[in-house]
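Below is the file target27.cif, which contains mmCIF, C-alpha atoms.
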data_target
loop_
_atom_site.label_atom_id
_atom_site.label_comp_id
_atom_site.auth_asym_id
_atom_site.auth_seq_id
_atom_site.Cartn_x
_atom_site.Cartn_y
_atom_site.Cartn_z
CA MET A 1 81.04 36.24 -8.79
CA MET A 2 77.40 36.52 -7.89
CA ILE A 3 75.13 38.03 -10.46
CA PHE A 4 71.70 39.12 -9.44
CA GLN A 5 69.55 39.32 -12.40
CA ASN A 6 66.38 40.09 -10.58
CA PRO A 7 66.39 42.50 -7.62
CA LYS A 8 63.26 40.85 -6.26
CA LYS A 9 65.25 37.63 -5.55
CA MET A 10 67.69 39.36 -3.09
CA SER A 11 65.39 38.85 -0.17
CA PHE A 12 65.64 35.07 -0.06
CA GLN A 13 69.05 34.37 -1.67
CA PRO A 14 71.21 35.12 1.47
CA MET A 15 69.19 32.69 3.50
CA LEU A 16 69.51 30.02 0.84
CA VAL A 17 73.28 30.59 0.68
CA ARG A 18 73.66 30.26 4.44
CA THR A 19 71.72 27.09 4.49
CA LEU A 20 73.85 25.56 1.80
CA LEU A 21 77.07 26.67 3.56
CA PHE A 22 76.06 25.16 6.87
CA THR A 23 75.04 21.94 5.17
CA CYS A 24 78.34 21.63 3.35
CA LEU A 25 80.30 22.45 6.48
CA PHE A 26 78.47 19.81 8.48
CA LEU A 27 79.08 17.21 5.82
CA LEU A 28 82.78 18.13 5.62
CA LEU A 29 83.30 17.90 9.36
CA THR A 30 81.62 14.59 9.48
CA ALA A 31 83.76 13.22 6.68
CA CYS A 32 87.00 14.45 8.30
CA GLY A 33 86.11 12.89 11.63
CA GLN A 34 85.46 9.51 10.05
CA HIS A 35 88.73 9.77 8.08
CA SER A 36 90.85 10.49 11.16
CA ILE A 37 89.34 7.56 13.06
CA LYS A 38 89.97 5.24 10.13
CA THR A 39 93.60 6.50 9.80
CA LYS A 40 94.26 5.93 13.45
CA ASN A 41 92.99 2.42 13.33
CA GLN A 42 95.18 1.61 10.33
CA GLN A 43 98.53 2.77 11.93
CA PRO A 44 100.78 -0.15 13.06
CA LYS A 45 101.41 -0.63 16.71
CA GLN A 46 104.98 -0.03 17.81
CA GLU A 47 106.48 -2.17 20.51
CA PRO A 48 107.87 -0.18 23.36
CA ASN A 49 111.66 0.14 23.56
CA THR A 50 112.53 -1.25 26.91
CA GLU A 51 116.18 -0.44 26.50
CA MET A 52 115.93 3.24 25.68
CA GLN A 53 113.01 4.33 27.83
CA PRO A 54 112.44 3.49 31.40
CA ALA A 55 109.31 1.65 32.31
CA ILE A 56 106.71 3.91 33.55
CA ASP A 57 103.98 2.41 35.68
CA LEU A 58 100.85 4.19 34.71
CA THR A 59 97.44 3.56 35.89
CA GLU A 60 94.53 3.12 33.52
CA LYS A 61 93.42 6.66 34.22
CA ASP A 62 96.81 8.03 33.45
CA LYS A 63 96.96 6.07 30.24
CA VAL A 64 93.87 7.72 29.03
CA HIS A 65 95.08 11.21 29.73
CA SER A 66 98.53 10.58 28.34
CA VAL A 67 97.25 10.27 24.78
CA VAL A 68 97.08 13.73 23.28
CA THR A 69 95.32 14.10 19.97
CA GLU A 70 95.99 17.04 17.82
CA PRO A 71 92.99 18.87 16.49
CA VAL A 72 92.39 18.58 12.81
CA VAL A 73 91.77 21.89 11.22
CA THR A 74 89.63 21.65 8.09
CA GLU A 75 89.33 24.54 5.78
CA PRO A 76 85.81 25.53 4.98
CA VAL A 77 84.73 24.86 1.47
CA VAL A 78 82.97 27.80 0.00
CA THR A 79 80.37 26.75 -2.54
CA GLU A 80 78.74 29.22 -4.78
CA PRO A 81 75.01 29.40 -4.44
CA VAL A 82 73.06 27.95 -7.29
CA VAL A 83 70.47 30.29 -8.52
CA THR A 84 67.54 28.47 -10.13
CA GLU A 85 65.40 30.36 -12.48
CA PRO A 86 61.65 29.93 -12.02
CA VAL A 87 59.98 27.86 -14.67
CA VAL A 88 57.09 29.65 -16.21
CA THR A 89 54.51 27.22 -17.57
CA GLU A 90 52.28 28.48 -20.27
CA PRO A 91 48.56 27.71 -19.79
CA VAL A 92 47.25 25.02 -22.11
CA VAL A 93 44.28 26.32 -24.03
CA ALA A 94 42.00 23.47 -25.13
CA LYS A 95 40.70 23.94 -28.60
CA PRO A 96 36.97 23.50 -28.91
CA VAL A 97 35.96 20.43 -30.88
CA VAL A 98 33.46 21.33 -33.48
CA THR A 99 31.24 18.38 -34.46
CA GLU A 100 29.51 18.54 -37.72
CA PRO A 101 25.80 17.74 -37.60
CA VAL A 102 24.86 14.43 -39.12
CA VAL A 103 22.13 14.83 -41.60
CA ALA A 104 20.02 11.65 -41.89
CA GLU A 105 18.81 10.89 -45.28
CA PRO A 106 15.04 10.40 -45.42
CA VAL A 107 13.98 6.79 -45.93
CA VAL A 108 11.50 6.50 -48.68
CA ALA A 109 9.20 3.49 -48.15
CA LYS A 110 8.33 1.70 -51.28
CA PRO A 111 4.63 1.07 -51.64
CA VAL A 112 3.64 -2.60 -51.30
CA VAL A 113 1.36 -3.65 -54.06
CA ALA A 114 -0.96 -6.44 -52.83
CA GLU A 115 -1.90 -8.96 -55.40
CA PRO A 116 -5.64 -9.33 -55.71
CA VAL A 117 -6.98 -12.57 -54.17
CA VAL A 118 -9.39 -14.34 -56.40
CA ALA A 119 -11.91 -16.26 -54.26
CA LYS A 120 -12.88 -19.60 -55.68
CA PRO A 121 -16.56 -20.27 -55.57
CA VAL A 122 -17.55 -22.89 -52.95
CA VAL A 123 -19.85 -25.50 -54.30
CA THR A 124 -22.03 -26.92 -51.52
CA GLU A 125 -23.35 -30.37 -52.00
CA PRO A 126 -27.01 -30.77 -51.23
CA VAL A 127 -27.71 -32.57 -47.94
CA VAL A 128 -30.28 -35.24 -48.26
CA THR A 129 -32.07 -35.74 -44.97
CA GLU A 130 -33.64 -39.06 -44.37
CA PRO A 131 -37.14 -38.94 -43.06
CA VAL A 132 -37.36 -39.74 -39.35
CA VAL A 133 -39.87 -42.40 -38.64
CA ALA A 134 -41.26 -41.86 -35.17
CA GLU A 135 -41.91 -45.05 -33.33
CA PRO A 136 -45.35 -45.28 -31.93
CA VAL A 137 -45.46 -44.64 -28.22
CA VAL A 138 -47.38 -47.30 -26.45
CA ALA A 139 -48.92 -45.79 -23.41
CA GLU A 140 -48.94 -48.11 -20.47
CA PRO A 141 -52.36 -48.65 -19.13
CA VAL A 142 -53.06 -46.70 -16.03
CA VAL A 143 -53.70 -49.14 -13.22
CA GLU A 144 -56.31 -47.92 -10.89
CA GLN A 145 -55.60 -48.44 -7.23
CA MET A 146 -57.88 -49.43 -4.46
CA SER A 147 -57.70 -49.69 -0.69
CA ILE A 148 -59.29 -52.10 1.78
CA SER A 149 -59.68 -51.48 5.47
CA GLY A 150 -61.81 -52.76 8.30
CA ARG A 151 -61.81 -54.33 11.73
CA ILE A 152 -61.22 -57.84 13.03
CA ASN A 153 -62.78 -59.54 16.05
CA LEU A 154 -61.62 -62.72 17.76
CA ASN A 155 -64.08 -65.35 19.01
CA GLN A 156 -62.38 -67.28 21.82
CA SER A 157 -65.42 -69.13 23.08
CA LYS A 158 -64.04 -72.54 22.15
CA ILE A 159 -60.86 -72.33 24.25
CA ARG A 160 -60.44 -72.39 27.98
CA ARG A 161 -57.83 -69.67 28.21
CA THR A 162 -58.80 -66.59 26.27
CA ASN A 163 -55.29 -65.32 25.75
CA ALA A 164 -55.21 -64.96 21.93
CA GLU A 165 -53.68 -61.65 20.79
CA ILE A 166 -55.59 -59.84 18.04
CA ASN A 167 -52.53 -57.94 16.74
CA LYS A 168 -51.10 -61.26 15.52
CA THR A 169 -53.80 -61.50 12.83
CA VAL A 170 -52.42 -61.32 9.26
CA VAL A 171 -54.57 -59.79 6.47
CA TYR A 172 -53.47 -60.24 2.85
CA PHE A 173 -54.88 -59.66 -0.65
CA GLN A 174 -54.27 -62.13 -3.46
CA PRO A 175 -55.19 -60.88 -6.98
CA SER A 176 -57.08 -63.43 -9.04
CA GLY A 177 -55.98 -64.80 -12.40
CA ASP A 178 -52.65 -66.11 -13.58
CA ASN A 179 -50.85 -62.82 -13.09
CA LYS A 180 -47.40 -63.57 -11.75
CA LEU A 181 -46.47 -60.98 -9.19
CA GLN A 182 -42.91 -59.91 -8.54
CA LEU A 183 -42.31 -60.91 -4.97
CA PRO A 184 -39.77 -58.84 -3.00
CA THR A 185 -37.57 -61.11 -0.92
CA LYS A 186 -36.23 -59.88 2.40
CA THR A 187 -34.27 -61.19 5.36
CA HIS A 188 -36.22 -61.47 8.61
CA THR A 189 -35.15 -62.41 12.14
CA ILE A 190 -36.68 -64.63 14.82
CA VAL A 191 -34.62 -64.52 18.04
CA THR A 192 -34.50 -67.40 20.53
CA GLU A 193 -34.47 -65.73 23.95
CA ASN A 194 -35.72 -66.83 27.39
CA LYS A 195 -36.80 -70.15 25.82
CA ARG A 196 -39.17 -68.31 23.45
CA PHE A 197 -39.29 -67.30 19.81
CA LYS A 198 -39.53 -63.51 19.28
CA PRO A 199 -41.68 -62.83 17.31
CA ASP A 200 -43.69 -66.03 17.34
CA VAL A 201 -45.85 -64.97 14.33
CA LEU A 202 -44.26 -63.84 11.06
CA ALA A 203 -45.58 -63.17 7.53
CA ILE A 204 -43.05 -63.28 4.65
CA THR A 205 -43.04 -63.61 0.86
CA ARG A 206 -41.94 -66.80 -0.82
CA GLY A 207 -38.16 -66.99 -1.26
CA SER A 208 -37.36 -64.85 1.79
CA THR A 209 -34.77 -65.78 4.45
CA VAL A 210 -35.31 -66.04 8.20
CA GLN A 211 -32.38 -65.87 10.63
CA PHE A 212 -32.56 -67.62 14.02
CA PRO A 213 -29.90 -66.13 16.37
CA VAL A 214 -29.55 -67.53 19.90
CA LYS A 215 -29.33 -65.13 22.87
CA ASP A 216 -29.79 -67.73 25.61
CA THR A 217 -26.85 -69.31 27.41
CA ILE A 218 -28.38 -72.73 26.82
CA LEU A 219 -28.43 -74.78 23.62
CA HIS A 220 -31.28 -74.68 21.12
CA ASN A 221 -32.20 -76.74 18.07
CA VAL A 222 -34.55 -74.99 15.64
CA PHE A 223 -36.39 -77.27 13.21
CA SER A 224 -39.62 -77.78 11.24
CA VAL A 225 -41.30 -80.87 9.83
CA THR A 226 -43.78 -78.91 7.65
CA PRO A 227 -43.87 -80.45 4.15
CA GLY A 228 -42.15 -78.24 1.59
CA ASN A 229 -40.32 -76.17 4.24
CA SER A 230 -38.81 -78.76 6.58
CA PHE A 231 -35.36 -77.96 7.98
CA ASP A 232 -33.11 -78.77 10.95
CA LEU A 233 -30.51 -76.20 12.13
CA GLY A 234 -29.01 -78.49 14.79
CA LEU A 235 -27.73 -77.54 18.24
CA TYR A 236 -26.03 -74.18 18.65
CA SER A 237 -25.43 -71.79 21.55
CA GLN A 238 -25.34 -68.12 22.50
CA GLY A 239 -23.82 -65.72 20.00
CA THR A 240 -24.49 -68.06 17.08
CA SER A 241 -27.04 -67.59 14.29
CA LYS A 242 -28.36 -69.88 11.57
CA ASP A 243 -30.89 -69.23 8.83
CA HIS A 244 -33.27 -70.90 6.40
CA VAL A 245 -34.79 -69.91 3.04
CA PHE A 246 -38.53 -70.57 2.75
CA LYS A 247 -39.10 -71.62 -0.84
CA ASP A 248 -42.72 -72.84 -0.72
CA SER A 249 -45.81 -70.92 0.26
CA GLY A 250 -48.03 -72.01 3.14
CA ILE A 251 -48.07 -72.12 6.94
CA VAL A 252 -44.88 -73.37 8.59
CA TYR A 253 -44.70 -74.49 12.23
CA VAL A 254 -41.25 -73.92 13.78
CA HIS A 255 -40.20 -75.69 17.00
CA CYS A 256 -37.16 -76.29 19.21
CA ASN A 257 -36.05 -79.89 19.64
CA VAL A 258 -34.88 -79.16 23.21
CA HIS A 259 -37.83 -77.14 24.54
CA HIS A 260 -41.43 -78.18 23.87
CA ASN A 261 -43.02 -74.78 24.61
CA MET A 262 -40.97 -72.97 21.95
CA GLN A 263 -43.10 -72.54 18.81
CA ALA A 264 -43.24 -69.94 16.00
CA ASP A 265 -45.76 -69.78 13.14
CA VAL A 266 -44.54 -68.47 9.78
CA ILE A 267 -46.95 -67.83 6.89
CA VAL A 268 -45.27 -67.79 3.46
CA LEU A 269 -47.30 -65.77 0.93
CA ASP A 270 -47.41 -65.48 -2.87
CA THR A 271 -48.38 -61.81 -2.69
CA PRO A 272 -46.66 -58.67 -1.47
CA TYR A 273 -49.95 -57.13 -0.28
CA PHE A 274 -50.27 -57.98 3.42
CA THR A 275 -50.41 -56.31 6.81
CA TYR A 276 -51.05 -56.93 10.54
CA ALA A 277 -54.02 -55.85 12.59
CA ASP A 278 -53.31 -53.38 15.39
CA SER A 279 -54.13 -53.89 19.07
CA ASP A 280 -57.73 -52.72 18.38
CA GLY A 281 -58.17 -55.12 15.46
CA ARG A 282 -58.01 -52.37 12.80
CA TYR A 283 -56.19 -53.02 9.51
CA HIS A 284 -55.60 -51.05 6.30
CA LEU A 285 -54.27 -52.12 2.89
CA ALA A 286 -53.50 -49.31 0.42
CA GLY A 287 -51.98 -49.18 -3.06
CA LEU A 288 -53.66 -52.37 -4.21
CA PRO A 289 -54.26 -52.89 -7.93
CA GLN A 290 -57.94 -52.43 -8.70
CA THR A 291 -58.55 -55.95 -9.81
CA ALA A 292 -60.62 -58.88 -8.61
CA GLY A 293 -59.09 -61.07 -5.96
CA ARG A 294 -59.40 -62.61 -2.53
CA LEU A 295 -58.92 -60.95 0.86
CA SER A 296 -57.84 -63.44 3.56
CA PHE A 297 -57.62 -63.28 7.37
CA TRP A 298 -55.31 -65.63 9.24
CA HIS A 299 -54.60 -66.07 12.94
CA PRO A 300 -52.13 -68.80 14.03
CA ARG A 301 -54.64 -70.09 16.59
CA GLY A 302 -57.79 -69.89 14.44
CA GLU A 303 -59.37 -70.86 11.16
CA GLN A 304 -58.43 -68.96 8.01
CA ILE A 305 -61.33 -67.05 6.45
CA SER A 306 -61.58 -64.97 3.26
CA ALA A 307 -63.79 -62.57 1.26
CA ASN A 308 -64.06 -62.03 -2.51
CA ILE A 309 -63.24 -58.61 -4.01
CA ASN A 310 -64.87 -57.84 -7.41
CA ALA A 311 -62.97 -54.56 -7.93
CA ALA A 312 -66.15 -52.66 -8.69
CA ASN A 313 -65.09 -49.98 -6.23
CA SER A 314 -61.78 -48.40 -5.31
CA VAL A 315 -62.45 -48.31 -1.56
CA TYR A 316 -63.66 -51.22 0.53
CA GLU A 317 -64.55 -51.52 4.20
CA ILE A 318 -64.69 -55.14 5.39
CA ASP A 319 -65.03 -56.38 8.97
CA LYS A 320 -64.47 -60.00 9.95
CA THR A 321 -64.53 -62.25 13.01
CA VAL A 322 -61.95 -65.02 13.43
CA GLN A 323 -62.76 -68.11 15.49
CA ILE A 324 -59.92 -69.18 17.85
CA THR A 325 -59.80 -72.98 18.03
CA ARG A 326 -56.46 -74.15 19.38
CA PRO A 327 -54.18 -73.43 22.37
CA LYS A 328 -51.11 -71.27 22.15
CA VAL A 329 -48.72 -74.26 21.93
CA PRO A 330 -50.51 -77.34 20.65
CA LYS A 331 -49.14 -80.81 21.38
CA HIS A 332 -46.43 -81.83 18.91
CA SER A 333 -43.52 -84.25 18.55
CA ASN A 334 -39.81 -83.57 18.34
CA LYS A 335 -37.83 -83.76 15.11
CA PHE A 336 -37.56 -87.52 15.46
CA GLY A 337 -41.31 -87.89 15.73
CA LYS A 338 -41.17 -88.78 19.40
CA SER A 339 -42.53 -87.15 22.53
CA TYR A 340 -40.45 -84.61 24.43
CA ARG A 341 -38.81 -85.61 27.66
CA PRO A 342 -40.39 -84.13 30.75
CA SER A 343 -38.88 -80.73 31.55
CA ARG A 344 -39.53 -77.77 33.80
CA ASP A 345 -41.05 -75.93 30.87
#
What do you get writing this file as structure tokens?
Amino acid sequence: MMIFQNPKKMSFQPMLVRTLLFTCLFLLLTACGQHSIKTKNQQPKQEPNTEMQPAIDLTEKDKVHSVVTEPVVTEPVVTEPVVTEPVVTEPVVAKPVVTEPVVAEPVVAKPVVAEPVVAKPVVTEPVVTEPVVAEPVVAEPVVEQMSISGRINLNQSKIRRTNAEINKTVVYFQPSGDNKLQLPTKTHTIVTENKRFKPDVLAITRGSTVQFPVKDTILHNVFSVTPGNSFDLGLYSQGTSKDHVFKDSGIVYVHCNVHHNMQADVIVLDTPYFTYADSDGRYHLAGLPQTAGRLSFWHPRGEQISANINAANSVYEIDKTVQITRPKVPKHSNKFGKSYRPSRD
């Protein structure tokens, strides 16, 4: 018996019932079909009775049609429709959470009582300063300076060839007394080139060094037999240099043991105050100490002359004439004291 509790449900219940009926019917038919096939397969095969029934020759087609299967009639199963009542869910009402306010207790800071600091009195010891004794400053005496200048003339009346060069005149000032002057020592050079010494006149201070490099392709032998400054550098060729230190003051005559016409005149001085005359014979010495001394004039081919300086003035103007008395290369011997062999020189 079907009971309809709610008239509003009658609209969809017949459809639901039909659907369920068709579903059940389909399932039942399917189950019956599978059962009949399984039953047929399980039946034992019976051997034909050859004695009772005549042999019938049937073709394969006839065999198929000869099997008659009876239809299986299945009764429909009527299932009552299941009426499901709708589930009414009550709405869940969330209760509001009431949070109680947190009341913070006030923090009461305790007052910090600072202990009074008692400063100890600082006792400063008295500083005893020693008296500074100033050393007496000895002022160096101011040395007055003087200058000497003038002009030189050459008298060449006593020689046949008047070829003396005035710019090879050396002028030097020697202070008087026992004052030892500090002599600057330097290194000078006299080159041997084209069978000549260049320069052939040189003024140096005592203790200075003179180098003698060779630029000629031929051999040279530089030597001197002057007492106090004698030396022999031996034979050496182009690109080679030898030197000698002149330790004694005076005039030194330098020669070559191979070539007679090679001669250089070196004057070694005990004073740093010297100069050369220019091509016009003018000379000038400045920065001299204002003291008494001797002013000398020397030319390698003439006599040495001098003039006294009394230092009464700071500026002097002195002119002199030098007498030329010897040729450019006077006759001399080789380092062995013998005459030179004849040469094209």
Ala286 in chain A: which residues within 7 Å, counting all atoms listed in the file, same-chain residues fewer than 5 positions away excluded, as a tab-separated table (two decimals) with C-alpha atoms, in the frame of the given file?
chain	number	residue	atom	x	y	z
A	146	MET	CA	-57.88	-49.43	-4.46
A	147	SER	CA	-57.70	-49.69	-0.69
A	148	ILE	CA	-59.29	-52.10	1.78
- Report as a PyMOL selection string the full result of the PyMOL selection byres ((chain A and resi 288) around 12) when it is applied to this structure. chain A and resi 143-149+172-175+271-274+284-287+289-295+309+311+313-316
- range 246-263 of chain A surroundings by only C-alpha atoms, 6 Å radius, close-in-sequence under 4 positions cut, as a list in words: Arg196, Arg206, Gly207, Ser208, Asn221, Val222, Phe223, Ser224, Thr226, Gly228, Ile267, Val268, Leu269 and Asn334 of chain A
- Task: Could you check how far CA of Asn167 in chain A sits from CA of Leu233 in chain A, in Å to one decimal?
- Result: 29.0 Å
- Item | Interatomic distance (Å, one decimal) between CA of Arg341 in chain A and CA of His299 in chain A |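 Pair CA of Arg341 in chain A / CA of His299 in chain A returns 29.1 Å.
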For Val214 in chain A, work out the shell of residues within 10 Å, counting only C-alpha atoms and skipping chain neighbours fewer than 3 positions away, then give it as a compact mmCIF listing (two decimals) with C-alpha atoms, in the frame of the given file.
# COMPACT_ATOMS: atom_id res chain seq x y z
CA ILE A 190 -36.68 -64.63 14.82
CA VAL A 191 -34.62 -64.52 18.04
CA THR A 192 -34.50 -67.40 20.53
CA GLU A 193 -34.47 -65.73 23.95
CA ASN A 194 -35.72 -66.83 27.39
CA LYS A 195 -36.80 -70.15 25.82
CA PHE A 197 -39.29 -67.30 19.81
CA GLN A 211 -32.38 -65.87 10.63
CA THR A 217 -26.85 -69.31 27.41
CA ILE A 218 -28.38 -72.73 26.82
CA LEU A 219 -28.43 -74.78 23.62
CA HIS A 220 -31.28 -74.68 21.12
CA ASN A 221 -32.20 -76.74 18.07
CA VAL A 222 -34.55 -74.99 15.64
CA TYR A 236 -26.03 -74.18 18.65
CA SER A 237 -25.43 -71.79 21.55
CA GLN A 238 -25.34 -68.12 22.50
CA GLY A 239 -23.82 -65.72 20.00
CA THR A 240 -24.49 -68.06 17.08
CA SER A 241 -27.04 -67.59 14.29
CA LYS A 242 -28.36 -69.88 11.57
- Message: Please report the interatomic distance between CA of Ala277 in chain A and CA of Gln304 in chain A in Å with one decimal.
- Response: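 CA of Ala277 in chain A sits 14.6 Å away from CA of Gln304 in chain A.
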- Message: Using only C-alpha atoms, can you tell me which of A:Leu154, A:Ala264, A:Val118, A:Val210 comes closest to Gly302 in chain A?
- Response: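 With only C-alpha atoms as the atom set, the closest residue is A:Leu154.
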- Message: Taking 5 positions as the minimum chain separation for residues in the same chain, which residues sit within 10 Å of Gln156 in chain A when counting only C-alpha atoms? Answer as a PyMOL selection string.
- Response: chain A and resi 161-164+301-302+322-326
Quick one: what's the axis-aligned box for range 223-233 of chain A, all listed atoms, 3 Å on every side, centre and edges in Å to one decimal, as lines of an AutoDock Vina configuration file?
center_x = -37.2
center_y = -78.5
center_z = 7.4
size_x = 19.4
size_y = 10.7
size_z = 17.6
- Item | Nearest residue to Asp232 in chain A from the set A:Val245, A:Leu29, A:Val201, A:Leu21 (distances using only C-alpha atoms) |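 Of the candidates, the smallest distance to Asp232 in chain A is held by A:Val245.
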- Val170 in chain A proximity check over A:Pro14, A:Pro342, A:Gly337, A:Gly281, using all atoms listed in the file: winner is A:Gly281
- Nearest residue to Asp200 in chain A from the set A:Ile152, A:Val329, A:Ile159, A:Leu27 (distances using only C-alpha atoms):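 Distance minimum relative to Asp200 in chain A lands on A:Val329.
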Mind writing range 289-315 of chain A to a file for me, with N, CA and C atoms, as a PDB file, in the first residue's frame?
ATOM      1  N   PRO A 289     137.249  85.463  -0.920  1.00  0.00           N
ATOM      2  CA  PRO A 289     137.299  86.017   0.440  1.00  0.00           C
ATOM      3  C   PRO A 289     138.146  87.299   0.431  1.00  0.00           C
ATOM      4  N   GLN A 290     137.666  88.303   1.132  1.00  0.00           N
ATOM      5  CA  GLN A 290     138.387  89.578   1.152  1.00  0.00           C
ATOM      6  C   GLN A 290     139.566  89.470   2.127  1.00  0.00           C
ATOM      7  N   THR A 291     140.602  88.917   1.606  1.00  0.00           N
ATOM      8  CA  THR A 291     141.817  88.699   2.370  1.00  0.00           C
ATOM      9  C   THR A 291     143.008  88.895   1.439  1.00  0.00           C
ATOM     10  N   ALA A 292     144.152  89.128   2.040  1.00  0.00           N
ATOM     11  CA  ALA A 292     145.366  89.332   1.243  1.00  0.00           C
ATOM     12  C   ALA A 292     145.762  88.028   0.570  1.00  0.00           C
ATOM     13  N   GLY A 293     146.376  88.157  -0.588  1.00  0.00           N
ATOM     14  CA  GLY A 293     146.790  86.973  -1.313  1.00  0.00           C
ATOM     15  C   GLY A 293     147.547  87.336  -2.574  1.00  0.00           C
ATOM     16  N   ARG A 294     147.670  86.328  -3.457  1.00  0.00           N
ATOM     17  CA  ARG A 294     148.411  86.518  -4.689  1.00  0.00           C
ATOM     18  C   ARG A 294     147.541  86.103  -5.868  1.00  0.00           C
ATOM     19  N   LEU A 295     147.510  86.958  -6.878  1.00  0.00           N
ATOM     20  CA  LEU A 295     146.790  86.688  -8.125  1.00  0.00           C
ATOM     21  C   LEU A 295     147.831  86.318  -9.174  1.00  0.00           C
ATOM     22  N   SER A 296     147.672  85.113  -9.781  1.00  0.00           N
ATOM     23  CA  SER A 296     148.675  84.600 -10.722  1.00  0.00           C
ATOM     24  C   SER A 296     148.055  84.414 -12.097  1.00  0.00           C
ATOM     25  N   PHE A 297     148.923  84.538 -13.134  1.00  0.00           N
ATOM     26  CA  PHE A 297     148.535  84.363 -14.531  1.00  0.00           C
ATOM     27  C   PHE A 297     149.506  83.350 -15.129  1.00  0.00           C
ATOM     28  N   TRP A 298     148.912  82.302 -15.721  1.00  0.00           N
ATOM     29  CA  TRP A 298     149.755  81.242 -16.291  1.00  0.00           C
ATOM     30  C   TRP A 298     149.258  80.856 -17.667  1.00  0.00           C
ATOM     31  N   HIS A 299     150.205  80.833 -18.620  1.00  0.00           N
ATOM     32  CA  HIS A 299     149.956  80.321 -19.963  1.00  0.00           C
ATOM     33  C   HIS A 299     150.960  79.213 -20.200  1.00  0.00           C
ATOM     34  N   PRO A 300     150.520  78.055 -20.784  1.00  0.00           N
ATOM     35  CA  PRO A 300     151.440  76.910 -20.926  1.00  0.00           C
ATOM     36  C   PRO A 300     152.667  77.223 -21.805  1.00  0.00           C
ATOM     37  N   ARG A 301     152.600  78.277 -22.602  1.00  0.00           N
ATOM     38  CA  ARG A 301     153.726  78.592 -23.479  1.00  0.00           C
ATOM     39  C   ARG A 301     154.478  79.849 -23.025  1.00  0.00           C
ATOM     40  N   GLY A 302     154.151  80.369 -21.831  1.00  0.00           N
ATOM     41  CA  GLY A 302     154.800  81.593 -21.372  1.00  0.00           C
ATOM     42  C   GLY A 302     155.269  81.496 -19.939  1.00  0.00           C
ATOM     43  N   GLU A 303     155.778  82.617 -19.448  1.00  0.00           N
ATOM     44  CA  GLU A 303     156.254  82.706 -18.081  1.00  0.00           C
ATOM     45  C   GLU A 303     155.077  83.045 -17.158  1.00  0.00           C
ATOM     46  N   GLN A 304     155.113  82.469 -15.964  1.00  0.00           N
ATOM     47  CA  GLN A 304     154.051  82.725 -14.995  1.00  0.00           C
ATOM     48  C   GLN A 304     154.354  84.037 -14.276  1.00  0.00           C
ATOM     49  N   ILE A 305     153.340  84.922 -14.223  1.00  0.00           N
ATOM     50  CA  ILE A 305     153.484  86.201 -13.540  1.00  0.00           C
ATOM     51  C   ILE A 305     152.403  86.312 -12.479  1.00  0.00           C
ATOM     52  N   SER A 306     152.572  87.240 -11.514  1.00  0.00           N
ATOM     53  CA  SER A 306     151.607  87.370 -10.420  1.00  0.00           C
ATOM     54  C   SER A 306     151.531  88.809  -9.948  1.00  0.00           C
ATOM     55  N   ALA A 307     150.516  89.099  -9.117  1.00  0.00           N
ATOM     56  CA  ALA A 307     150.297  90.426  -8.533  1.00  0.00           C
ATOM     57  C   ALA A 307     149.784  90.239  -7.130  1.00  0.00           C
ATOM     58  N   ASN A 308     150.250  91.069  -6.186  1.00  0.00           N
ATOM     59  CA  ASN A 308     149.819  90.994  -4.788  1.00  0.00           C
ATOM     60  C   ASN A 308     148.493  91.733  -4.588  1.00  0.00           C
ATOM     61  N   ILE A 309     147.623  91.128  -3.747  1.00  0.00           N
ATOM     62  CA  ILE A 309     146.328  91.717  -3.401  1.00  0.00           C
ATOM     63  C   ILE A 309     146.350  91.971  -1.889  1.00  0.00           C
ATOM     64  N   ASN A 310     146.178  93.250  -1.472  1.00  0.00           N
ATOM     65  CA  ASN A 310     146.221  93.605  -0.048  1.00  0.00           C
ATOM     66  C   ASN A 310     144.844  93.600   0.620  1.00  0.00           C
ATOM     67  N   ALA A 311     143.803  93.362  -0.141  1.00  0.00           N
ATOM     68  CA  ALA A 311     142.432  93.253   0.381  1.00  0.00           C
ATOM     69  C   ALA A 311     141.935  94.548   0.968  1.00  0.00           C
ATOM     70  N   ALA A 312     142.514  95.664   0.563  1.00  0.00           N
ATOM     71  CA  ALA A 312     142.004  96.949   1.043  1.00  0.00           C
ATOM     72  C   ALA A 312     140.679  97.291   0.395  1.00  0.00           C
ATOM     73  N   ASN A 313     140.446  96.760  -0.769  1.00  0.00           N
ATOM     74  CA  ASN A 313     139.202  97.035  -1.502  1.00  0.00           C
ATOM     75  C   ASN A 313     138.451  95.712  -1.740  1.00  0.00           C
ATOM     76  N   SER A 314     137.206  95.845  -2.096  1.00  0.00           N
ATOM     77  CA  SER A 314     136.408  94.657  -2.424  1.00  0.00           C
ATOM     78  C   SER A 314     136.349  94.400  -3.921  1.00  0.00           C
ATOM     79  N   VAL A 315     136.727  95.358  -4.725  1.00  0.00           N
ATOM     80  CA  VAL A 315     136.705  95.200  -6.187  1.00  0.00           C
ATOM     81  C   VAL A 315     138.068  95.625  -6.722  1.00  0.00           C
TER      82      VAL A 315
END
